[in-house]
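S.K.: Sharing work-v9.tsv, TSV, C-alpha atoms:
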```tsv
chain	number	residue	atom	x	y	z
A	389	MET	CA	20.67	87.09	16.79
A	390	SER	CA	21.10	84.06	14.51
A	391	LEU	CA	19.85	80.67	15.48
A	392	CYS	CA	23.45	79.45	15.69
A	393	LYS	CA	24.44	82.26	18.06
A	394	LYS	CA	21.31	81.70	20.14
A	395	TYR	CA	22.25	78.04	20.34
A	396	LYS	CA	25.81	78.91	21.47
A	397	VAL	CA	24.49	81.30	24.12
A	398	PHE	CA	22.11	78.63	25.33
A	399	ILE	CA	24.93	76.06	25.53
A	400	LEU	CA	27.18	78.51	27.43
A	401	LEU	CA	24.36	79.37	29.82
A	402	LEU	CA	23.58	75.70	30.34
A	403	PHE	CA	27.26	74.94	30.92
A	404	SER	CA	27.51	77.78	33.46
A	405	LEU	CA	24.45	76.56	35.34
A	406	LEU	CA	25.78	73.02	35.29
A	407	SER	CA	29.16	74.18	36.60
A	408	ILE	CA	27.50	76.10	39.42
A	409	PHE	CA	25.38	73.05	40.25
A	410	LEU	CA	28.38	70.69	40.28
A	411	LEU	CA	30.41	73.12	42.38
A	412	SER	CA	27.50	73.36	44.79
A	413	CYS	CA	27.30	69.57	44.98
A	414	VAL	CA	31.02	69.26	45.65
A	415	THR	CA	30.85	71.97	48.29
A	416	GLN	CA	27.82	70.35	49.87
A	417	HIS	CA	29.52	66.94	49.74
A	418	ASN	CA	32.61	68.32	51.45
A	419	ASN	CA	30.46	70.01	54.06
A	420	ASP	CA	28.65	66.74	54.64
A	421	LYS	CA	31.91	64.97	55.39
A	422	LEU	CA	32.20	64.31	59.08
A	423	PRO	CA	35.55	64.74	60.74
A	424	GLN	CA	37.39	61.47	60.85
A	425	TYR	CA	38.61	59.84	64.02
A	426	GLU	CA	41.77	58.14	65.03
A	427	ILE	CA	41.51	54.67	66.48
A	428	ASP	CA	44.47	54.37	68.78
A	429	ASN	CA	45.83	52.38	71.72
A	430	VAL	CA	44.14	49.18	70.55
A	431	ILE	CA	44.47	46.38	73.10
A	432	PHE	CA	43.10	42.94	72.26
A	433	LEU	CA	42.35	41.67	75.75
A	434	GLY	CA	41.52	38.13	74.67
A	435	ASN	CA	38.99	35.51	75.64
A	436	VAL	CA	36.25	36.53	78.09
A	437	TRP	CA	35.98	32.97	79.45
A	438	GLY	CA	36.84	33.01	83.14
A	439	ILE	CA	35.95	31.90	86.63
A	440	GLY	CA	32.23	32.60	86.17
A	441	GLN	CA	31.99	30.33	83.14
A	442	LYS	CA	34.03	27.61	84.83
A	443	GLN	CA	31.83	27.61	87.93
A	444	SER	CA	28.69	27.45	85.78
A	445	ASN	CA	29.95	24.66	83.49
A	446	VAL	CA	30.05	26.92	80.44
A	447	ILE	CA	32.47	25.65	77.80
A	448	SER	CA	31.79	28.04	74.94
A	449	GLN	CA	29.20	30.56	73.77
A	450	ASP	CA	28.55	33.45	71.39
A	451	GLY	CA	26.59	36.68	71.50
A	452	GLY	CA	27.32	38.78	74.57
A	453	TYR	CA	24.93	41.75	74.27
A	454	SER	CA	24.95	43.70	77.54
A	455	ASN	CA	22.76	46.40	79.03
A	456	THR	CA	23.33	48.25	82.27
A	457	ILE	CA	20.86	48.12	85.15
A	458	SER	CA	20.90	49.86	88.53
A	459	ASN	CA	23.22	47.39	90.26
A	460	GLY	CA	25.30	46.09	87.36
A	461	SER	CA	24.85	44.82	83.83
A	462	LEU	CA	23.12	41.88	82.17
A	463	TRP	CA	24.95	39.85	79.51
A	464	TRP	CA	22.95	37.84	76.99
A	465	PHE	CA	24.52	34.90	75.16
A	466	GLY	CA	23.26	32.72	72.33
A	467	ASP	CA	24.09	29.04	71.84
A	468	THR	CA	25.97	28.00	74.97
A	469	PHE	CA	27.65	24.60	75.31
A	470	LEU	CA	27.85	23.10	78.78
A	471	GLY	CA	30.26	20.66	80.41
A	472	LYS	CA	33.76	20.48	81.77
A	473	ASN	CA	37.28	20.66	80.43
A	474	ILE	CA	38.89	17.25	81.03
A	475	GLY	CA	42.17	17.78	79.20
A	476	VAL	CA	43.86	19.61	76.36
A	477	ASP	CA	41.05	20.34	73.93
A	478	LYS	CA	38.93	17.57	75.51
A	479	PHE	CA	35.52	18.10	77.08
A	480	ASP	CA	32.81	16.24	78.88
A	481	VAL	CA	29.77	17.82	77.20
A	482	ILE	CA	26.57	17.63	79.25
A	483	GLY	CA	24.25	19.72	77.07
A	484	ASN	CA	23.53	23.17	75.72
A	485	VAL	CA	21.08	26.06	75.93
A	486	SER	CA	20.15	28.55	73.22
A	487	CYS	CA	20.10	31.54	75.58
A	488	ALA	CA	22.23	32.03	78.69
A	489	LEU	CA	22.19	35.03	81.00
A	490	GLY	CA	25.11	36.50	82.91
A	491	PHE	CA	25.19	39.26	85.52
A	492	LEU	CA	28.14	41.51	86.28
A	493	PRO	CA	27.83	43.40	89.61
A	494	LYS	CA	28.56	47.10	89.45
A	495	ASN	CA	31.51	46.76	91.81
A	496	GLU	CA	33.16	44.52	89.19
A	497	PHE	CA	33.09	47.10	86.38
A	498	GLU	CA	36.66	48.17	87.07
A	499	SER	CA	38.02	44.76	88.03
A	500	ASP	CA	40.71	42.91	86.13
A	501	PHE	CA	39.90	41.17	82.86
A	502	PRO	CA	38.07	38.88	82.15
A	503	PRO	CA	34.82	40.11	83.73
A	504	LYS	CA	33.67	37.93	86.64
A	505	LEU	CA	30.21	37.07	85.37
A	506	GLN	CA	27.64	35.28	87.49
A	507	TYR	CA	25.33	32.98	85.53
A	508	LEU	CA	21.67	32.15	85.87
A	509	CYS	CA	21.92	28.50	86.91
A	510	ASN	CA	19.78	25.50	87.78
A	511	GLU	CA	19.88	23.71	91.13
A	512	GLN	CA	22.99	21.83	90.04
A	513	GLY	CA	24.90	25.09	89.47
A	514	THR	CA	24.93	24.77	85.68
A	515	ALA	CA	23.94	27.67	83.38
A	516	THR	CA	20.30	27.28	82.40
A	517	GLN	CA	17.94	28.50	79.67
A	518	ALA	CA	17.22	32.20	80.26
A	519	ILE	CA	14.19	32.61	77.94
A	520	GLU	CA	11.42	30.12	78.55
A	521	TYR	CA	10.15	27.58	76.05
A	522	LEU	CA	6.43	27.28	75.46
A	523	SER	CA	4.49	24.05	75.74
A	524	GLY	CA	5.18	21.75	72.81
A	525	GLU	CA	8.46	23.40	71.75
A	526	SER	CA	11.56	21.22	71.59
A	527	PRO	CA	14.92	22.82	72.47
A	528	ASP	CA	16.51	20.37	70.02
A	529	LYS	CA	14.47	21.89	67.19
A	530	ILE	CA	13.81	25.49	68.28
A	531	ARG	CA	16.46	27.97	69.37
A	532	LEU	CA	15.70	31.26	71.14
A	533	TRP	CA	18.58	33.62	70.41
A	534	PRO	CA	18.66	36.91	72.38
A	535	LEU	CA	18.77	40.10	70.33
A	536	SER	CA	18.70	43.18	72.59
A	537	SER	CA	17.46	44.02	76.06
A	538	ILE	CA	16.46	47.00	78.16
A	539	ALA	CA	15.01	47.96	81.56
A	540	LEU	CA	11.71	49.86	81.26
A	541	ASN	CA	8.68	50.54	83.43
A	542	ASN	CA	10.22	48.71	86.43
A	543	LYS	CA	10.46	45.61	84.26
A	544	TYR	CA	13.17	43.96	82.19
A	545	TYR	CA	12.73	43.06	78.54
A	546	VAL	CA	14.64	41.04	75.97
A	547	TYR	CA	13.83	40.68	72.27
A	548	TYR	CA	14.73	37.32	70.77
A	549	SER	CA	14.91	35.52	67.42
A	550	TYR	CA	12.78	32.43	66.96
A	551	ILE	CA	15.00	29.96	65.12
A	552	GLU	CA	14.27	26.58	63.58
A	553	LYS	CA	17.22	24.22	63.46
A	554	THR	CA	17.38	22.41	60.10
A	555	GLY	CA	20.57	20.38	60.54
A	556	ASN	CA	23.79	20.08	62.53
A	557	GLY	CA	25.96	22.50	60.55
A	558	SER	CA	26.83	26.08	61.47
A	559	TRP	CA	24.38	27.49	58.90
A	560	ASP	CA	21.66	24.85	59.23
A	561	PHE	CA	18.94	27.08	60.64
A	562	LYS	CA	16.27	29.52	59.52
A	563	THR	CA	14.65	32.47	61.28
A	564	LEU	CA	10.88	32.12	61.70
A	565	GLY	CA	10.33	35.47	63.40
A	566	SER	CA	11.01	37.28	66.64
A	567	GLY	CA	9.40	37.89	69.99
A	568	LEU	CA	9.61	39.75	73.28
A	569	ALA	CA	10.13	38.30	76.76
A	570	VAL	CA	9.77	40.02	80.14
A	571	SER	CA	10.66	39.57	83.80
A	572	ASP	CA	9.95	41.52	86.98
A	573	ILE	CA	13.40	40.48	88.21
A	574	ALA	CA	16.50	41.32	86.19
A	575	PHE	CA	18.47	38.14	86.85
A	576	ALA	CA	15.86	35.44	86.30
A	577	GLN	CA	14.27	33.37	83.57
A	578	TYR	CA	12.24	35.59	81.21
A	579	LYS	CA	8.64	34.84	80.27
A	580	ARG	CA	7.70	35.19	76.61
A	581	ILE	CA	4.83	37.58	75.88
A	582	VAL	CA	1.95	35.89	74.06
A	583	LYS	CA	-1.02	37.92	72.80
A	584	ASP	CA	-4.00	36.37	70.99
A	585	ASN	CA	-2.17	33.02	70.94
A	586	ASN	CA	0.72	34.59	69.02
A	587	PHE	CA	4.17	35.36	70.42
A	588	LEU	CA	5.64	36.91	67.24
A	589	TYR	CA	6.39	40.67	67.22
A	590	PRO	CA	6.73	42.99	64.20
A	591	VAL	CA	10.29	44.06	65.09
A	592	SER	CA	13.57	42.20	65.58
A	593	PRO	CA	15.81	44.83	67.19
A	594	VAL	CA	19.49	44.04	67.49
A	595	ALA	CA	20.05	47.46	69.10
A	596	LEU	CA	17.94	49.85	71.18
A	597	ILE	CA	18.10	53.55	72.06
A	598	GLU	CA	15.76	55.26	74.51
A	599	ALA	CA	15.62	58.98	73.70
A	600	ASP	CA	13.18	61.85	73.15
A	601	GLY	CA	10.32	59.92	74.72
A	602	TRP	CA	10.70	56.98	72.34
A	603	LEU	CA	12.33	53.57	72.26
A	604	TYR	CA	14.14	53.32	68.91
A	605	CYS	CA	14.51	49.77	67.59
A	606	TYR	CA	17.14	48.88	64.98
A	607	SER	CA	16.61	45.67	63.02
A	608	ILE	CA	18.69	43.96	60.36
A	609	GLY	CA	16.99	43.84	56.97
A	610	LYS	CA	16.06	40.85	54.89
A	611	ASN	CA	18.79	38.34	54.06
A	612	GLY	CA	20.93	39.65	56.92
A	613	LYS	CA	21.88	42.95	55.27
A	614	GLY	CA	20.88	46.56	55.83
A	615	LEU	CA	19.26	48.27	58.79
A	616	THR	CA	15.68	49.37	59.45
A	617	LEU	CA	14.38	51.66	62.20
A	618	SER	CA	11.18	51.40	64.23
A	619	ARG	CA	10.02	53.14	67.36
A	620	VAL	CA	7.50	52.72	70.15
A	621	LYS	CA	6.58	54.61	73.30
A	622	PRO	CA	8.38	52.90	76.21
A	623	SER	CA	5.08	52.47	78.05
A	624	GLU	CA	3.70	50.57	75.02
A	625	ILE	CA	6.62	48.23	74.35
A	626	GLU	CA	4.38	45.16	74.78
A	627	GLU	CA	1.72	46.44	72.34
A	628	LYS	CA	2.38	45.06	68.86
A	629	ASN	CA	0.17	47.64	67.14
A	630	ALA	CA	1.93	50.57	68.84
A	631	TYR	CA	5.14	50.28	66.80
A	632	GLU	CA	5.90	52.80	64.07
A	633	TYR	CA	8.23	52.35	61.12
A	634	TYR	CA	10.66	54.76	59.50
A	635	ALA	CA	9.68	55.63	55.92
A	636	TYR	CA	10.81	58.09	53.26
A	637	GLY	CA	10.88	61.76	54.15
A	638	ASP	CA	12.02	61.36	57.77
A	639	ASP	CA	8.54	60.14	58.55
A	640	PHE	CA	7.24	57.34	60.75
A	641	THR	CA	4.20	55.33	59.79
A	642	LYS	CA	2.09	52.49	61.15
A	643	ASP	CA	2.19	50.94	57.67
A	644	ARG	CA	5.03	48.44	57.84
A	645	ASP	CA	5.03	48.01	54.06
A	646	ARG	CA	6.30	51.59	53.70
A	647	GLN	CA	9.36	50.97	55.88
A	648	VAL	CA	12.74	51.64	54.27
A	649	GLN	CA	16.31	50.91	55.29
A	650	ILE	CA	18.30	53.66	56.98
A	651	LEU	CA	21.61	51.94	56.13
A	652	ASP	CA	22.55	49.41	53.47
A	653	ASP	CA	26.17	48.62	54.32
A	654	VAL	CA	25.70	46.67	57.55
A	655	TYR	CA	25.41	42.94	58.11
A	656	GLY	CA	24.24	40.53	60.79
A	657	GLN	CA	24.17	42.70	63.91
A	658	VAL	CA	24.94	46.24	65.04
A	659	SER	CA	25.60	47.78	68.44
A	660	ILE	CA	24.95	51.41	69.37
A	661	ALA	CA	26.32	53.48	72.25
A	662	TYR	CA	26.08	57.15	73.16
A	663	ILE	CA	29.57	58.64	73.38
A	664	GLU	CA	29.54	61.62	75.72
A	665	CYS	CA	32.84	63.13	74.64
A	666	LEU	CA	31.61	63.22	71.03
A	667	ASN	CA	28.02	64.18	71.86
A	668	SER	CA	27.04	61.54	69.32
A	669	TYR	CA	25.87	57.98	68.89
A	670	ILE	CA	28.38	55.45	67.58
A	671	MET	CA	27.31	52.29	65.78
A	672	ALA	CA	29.58	49.24	65.43
A	673	SER	CA	29.02	46.68	62.68
A	674	SER	CA	30.74	43.44	61.68
A	675	SER	CA	29.60	40.12	60.13
A	676	ASN	CA	30.71	41.19	56.66
A	677	PHE	CA	31.89	38.33	54.43
A	678	PHE	CA	33.74	40.80	52.20
A	679	VAL	CA	35.91	42.03	55.11
A	680	PRO	CA	35.36	39.18	57.61
A	681	ARG	CA	37.77	40.37	60.32
A	682	GLU	CA	36.86	44.05	60.34
A	683	ILE	CA	34.65	46.08	62.67
A	684	GLN	CA	33.44	49.31	61.11
A	685	PHE	CA	31.76	52.33	62.68
A	686	PHE	CA	29.03	54.85	61.91
A	687	ILE	CA	28.19	58.10	63.71
A	688	SER	CA	25.05	60.21	64.15
A	689	LYS	CA	23.93	63.12	66.31
A	690	SER	CA	20.41	61.69	66.37
A	691	PRO	CA	18.97	58.19	66.82
A	692	ILE	CA	17.12	58.71	63.52
A	693	GLY	CA	20.26	59.64	61.61
A	694	PRO	CA	21.64	60.31	59.15
A	695	TRP	CA	24.29	57.72	59.99
A	696	LYS	CA	27.66	58.44	58.40
A	697	LYS	CA	30.45	55.91	58.08
A	698	ILE	CA	33.64	56.75	59.95
A	699	ASN	CA	36.79	56.04	57.99
A	700	ALA	CA	38.41	54.28	60.93
A	701	LYS	CA	38.12	50.54	61.49
A	702	LEU	CA	39.23	47.81	63.85
A	703	LYS	CA	41.05	44.90	62.25
A	704	VAL	CA	40.88	41.70	64.29
A	705	PRO	CA	43.99	39.44	64.25
A	706	GLU	CA	43.81	36.50	61.83
A	707	TYR	CA	44.48	33.83	64.46
A	708	THR	CA	43.01	33.49	67.92
A	709	GLN	CA	42.25	30.95	70.64
A	710	VAL	CA	42.38	27.63	68.78
A	711	GLY	CA	42.42	28.53	65.11
A	712	LYS	CA	42.10	30.84	62.13
A	713	ILE	CA	39.25	33.36	62.09
A	714	GLU	CA	36.83	33.14	59.17
A	715	LEU	CA	34.31	35.68	60.44
A	716	VAL	CA	33.84	38.20	63.23
A	717	TYR	CA	30.23	38.74	64.31
A	718	CYS	CA	28.16	40.04	67.25
A	719	ALA	CA	30.40	43.07	67.87
A	720	TYR	CA	28.84	44.64	70.98
A	721	PHE	CA	29.75	47.79	72.90
A	722	HIS	CA	29.97	47.48	76.70
A	723	SER	CA	29.38	50.95	78.07
A	724	GLU	CA	29.90	49.80	81.66
A	725	PHE	CA	33.64	49.72	80.88
A	726	PHE	CA	33.90	53.04	79.00
A	727	LYS	CA	36.41	55.55	80.36
A	728	GLU	CA	37.05	59.29	79.92
A	729	ASN	CA	33.44	60.05	78.93
A	730	GLY	CA	33.59	57.46	76.18
A	731	LYS	CA	36.97	58.24	74.69
A	732	VAL	CA	38.15	54.77	75.75
A	733	LEU	CA	35.73	52.09	74.52
A	734	ASN	CA	35.28	48.35	74.90
A	735	ILE	CA	33.76	45.92	72.42
A	736	THR	CA	33.30	42.18	72.58
A	737	TYR	CA	32.93	40.10	69.45
A	738	SER	CA	32.29	36.47	68.57
A	739	VAL	CA	34.46	34.55	66.11
A	740	MET	CA	33.84	31.75	63.65
A	741	LEU	CA	36.94	29.66	63.19
A	742	LYS	CA	38.04	27.58	60.22
A	743	ASP	CA	37.11	23.90	60.66
A	744	ARG	CA	35.86	24.51	64.18
A	745	TRP	CA	32.54	25.48	65.75
A	746	PHE	CA	33.11	24.38	69.34
A	747	ASN	CA	35.17	25.70	72.30
A	748	VAL	CA	35.17	29.27	70.98
A	749	ASN	CA	34.30	32.22	73.22
A	750	ASN	CA	33.79	35.96	72.90
A	751	GLU	CA	36.82	38.21	72.86
A	752	MET	CA	37.17	41.80	74.05
A	753	VAL	CA	39.11	44.73	72.62
A	754	GLU	CA	39.77	48.12	74.21
A	755	PHE	CA	40.61	51.17	72.11
A	756	ASN	CA	40.56	54.95	71.98
A	757	PHE	CA	38.56	57.19	69.72
A	758	GLY	CA	41.16	59.92	69.42
A	759	GLU	CA	40.62	63.63	69.07
A	760	LEU	CA	38.87	65.00	66.00
A	761	ILE	CA	41.16	65.51	63.03
A	762	ASP	CA	40.61	67.31	59.73
A	763	CYS	CA	39.05	65.38	56.88
A	764	ASP	CA	42.07	65.83	54.61
A	765	LYS	CA	44.48	64.40	57.18
A	766	LYS	CA	45.34	60.75	57.00
A	767	ILE	CA	44.31	58.63	59.96
A	768	LYS	CA	47.31	57.36	61.83
```
Can you dump the structure from the file as structure tokens?
M.R.:
Amino acid sequence: MSLCKKYKVFILLLFSLLSIFLLSCVTQHNNDKLPQYEIDNVIFLGNVWGIGQKQSNVISQDGGYSNTISNGSLWWFGDTFLGKNIGVDKFDVIGNVSCALGFLPKNEFESDFPPKLQYLCNEQGTATQAIEYLSGESPDKIRLWPLSSIALNNKYYVYYSYIEKTGNGSWDFKTLGSGLAVSDIAFAQYKRIVKDNNFLYPVSPVALIEADGWLYCYSIGKNGKGLTLSRVKPSEIEEKNAYEYYAYGDDFTKDRDRQVQILDDVYGQVSIAYIECLNSYIMASSSNFFVPREIQFFISKSPIGPWKKINAKLKVPEYTQVGKIELVYCAYFHSEFFKENGKVLNITYSVMLKDRWFNVNNEMVEFNFGELIDCDKKIK
């Protein structure tokens, strides 16, 4: 066989192998596609501000992470402004706290909207700081923003961000680290855990899953983008050296420098809930400046992943409450309100309005994750 013919045979063989490889990749890609979901029956319920806030002198707040406990659910809020409404868009402001705590009794789970929250209050009946300050810390300079919380080992825990305020604008702050606070009583002020004169912890989980004998901790990556995964045995939640970090090869390591992101396309915060009717975990994500009024979703059969994006999204109306929305953030599931084994879901979200940072409260939306549909069908 001539060199030319040998070359042609080689090229044809190479082309055949390449075609088989590409076909395999396409087939594998199609097999990897998860069925898409319909988002249907979307009801924007509106502002969660109600009788509980009024009685506790809460004017406005953001955040709203909730976790269920035996007799109800705890709701954690970030910066909370206190005072009274004295007219149309006029307020007598008496102060603020960086972390407020609400409690919703179990018998109120199916009550009318908005939820009738009870607030942790001082002797004057005004909402009070729910995570303690340490000696020498100034609430005017340091903010303690709640991240995620859970009941474990007959105790109650909340992770928090340790924030330094650098000015009076909406973005005038920087994160100095994160910590963990604990209480023996669910609805009480939480004591920050300090070990070896240091309250900082190696994780900053915005979402938690307890499964398979582990507590999985999901933290936003550097610069507010991407998601990392850590885990710890529930009995060792307070031990800083007990945490393990997800690395390449579906492996966990004690070497934090080897940690990698499990998702890149998430921003700010995420919320995760187990959806019984889907036998899967659903993750909600917002805080995306490229699509500032959109809540997107990811799905996984396992807390470790892989997490796949669902091609179904919630679009928040452009105008709400007292202005135009510039950004939706802190989108949190509230499983205490789920219906039909999780087919009907509830999410609250915080909003940043154009030319306004005050008198803005969380909003809630209810929606259906419809039946599974084929990948090649268009979502309604």
S.K.: Distance atom CA of Ser461 of chain A-atom CA of Lys494 of chain A, one decimal place?
M.R.: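 Atom-to-atom, atom CA of Ser461 of chain A to atom CA of Lys494 of chain A, that is 7.1 Å.
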S.K.: At a cut-off of 7 Å, using only C-alpha atoms, what residues contact Glu520 of chain A? Leave out same-chain residues fewer than 3 positions from it and give the result as a ChimeraX atom specification.
M.R.: /A:517,577-580
S.K.: Within 12 Å of Lys553 of chain A, counting only C-alpha atoms, which residues show up once you throw out same-chain ones fewer than 6 positions away? Write them as a ChimeraX atom specification, please.
M.R.: /A:467,486,526-533,559-564
S.K.: Which polymer residues have any atom within 10 Å of an atom of Arg744 of chain A, counting only C-alpha atoms, with same-chain residues fewer than 2 positions away left out, as a ChimeraX atom specification?
M.R.: /A:558,710-713,740-742,746-748
S.K.: With distances taken over all atoms listed in the file, which residue among A:Asn459, A:Phe757, A:Lys731, A:Gly440 lies nearest Asn699 of chain A?
M.R.: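 Among the listed residues, the smallest separation from Asn699 of chain A belongs to A:Phe757.
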S.K.: Rebuild segment 515-534 of chain A so that it carries N, CA and C atoms, then output the result as a CSV table (one decimal), in the frame of the given file.
M.R.:
```
chain,number,residue,atom,x,y,z
A,515,ALA,N,24.7,26.6,84.1
A,515,ALA,CA,23.9,27.7,83.4
A,515,ALA,C,22.7,27.1,82.7
A,516,THR,N,21.6,27.8,82.9
A,516,THR,CA,20.3,27.3,82.4
A,516,THR,C,19.7,28.2,81.4
A,517,GLN,N,18.6,27.7,80.7
A,517,GLN,CA,17.9,28.5,79.7
A,517,GLN,C,17.3,29.8,80.3
A,518,ALA,N,17.6,30.9,79.7
A,518,ALA,CA,17.2,32.2,80.3
A,518,ALA,C,15.9,32.7,79.7
A,519,ILE,N,15.5,32.3,78.5
A,519,ILE,CA,14.2,32.6,77.9
A,519,ILE,C,13.4,31.3,77.9
A,520,GLU,N,12.2,31.3,78.4
A,520,GLU,CA,11.4,30.1,78.6
A,520,GLU,C,11.0,29.6,77.2
A,521,TYR,N,10.8,28.2,77.2
A,521,TYR,CA,10.2,27.6,76.0
A,521,TYR,C,8.7,27.4,76.4
A,522,LEU,N,7.8,27.5,75.3
A,522,LEU,CA,6.4,27.3,75.5
A,522,LEU,C,6.1,25.8,75.3
A,523,SER,N,4.9,25.4,75.8
A,523,SER,CA,4.5,24.0,75.7
A,523,SER,C,4.5,23.5,74.3
A,524,GLY,N,5.1,22.4,74.1
A,524,GLY,CA,5.2,21.8,72.8
A,524,GLY,C,6.4,22.1,72.0
A,525,GLU,N,7.2,23.0,72.5
A,525,GLU,CA,8.5,23.4,71.8
A,525,GLU,C,9.6,22.5,72.2
A,526,SER,N,10.4,22.1,71.3
A,526,SER,CA,11.6,21.2,71.6
A,526,SER,C,12.8,22.0,71.5
A,527,PRO,N,13.6,22.1,72.5
A,527,PRO,CA,14.9,22.8,72.5
A,527,PRO,C,15.9,22.2,71.4
A,528,ASP,N,15.7,21.0,71.1
A,528,ASP,CA,16.5,20.4,70.0
A,528,ASP,C,16.1,20.9,68.6
A,529,LYS,N,14.9,21.4,68.5
A,529,LYS,CA,14.5,21.9,67.2
A,529,LYS,C,14.4,23.4,67.1
A,530,ILE,N,14.0,24.0,68.2
A,530,ILE,CA,13.8,25.5,68.3
A,530,ILE,C,14.9,26.1,69.1
A,531,ARG,N,15.5,27.2,68.6
A,531,ARG,CA,16.5,28.0,69.4
A,531,ARG,C,15.9,29.4,69.6
A,532,LEU,N,16.1,29.9,70.8
A,532,LEU,CA,15.7,31.3,71.1
A,532,LEU,C,16.9,32.1,71.4
A,533,TRP,N,17.3,32.8,70.3
A,533,TRP,CA,18.6,33.6,70.4
A,533,TRP,C,18.3,35.0,70.9
A,534,PRO,N,18.9,35.5,71.9
A,534,PRO,CA,18.7,36.9,72.4
A,534,PRO,C,19.1,37.9,71.4
```
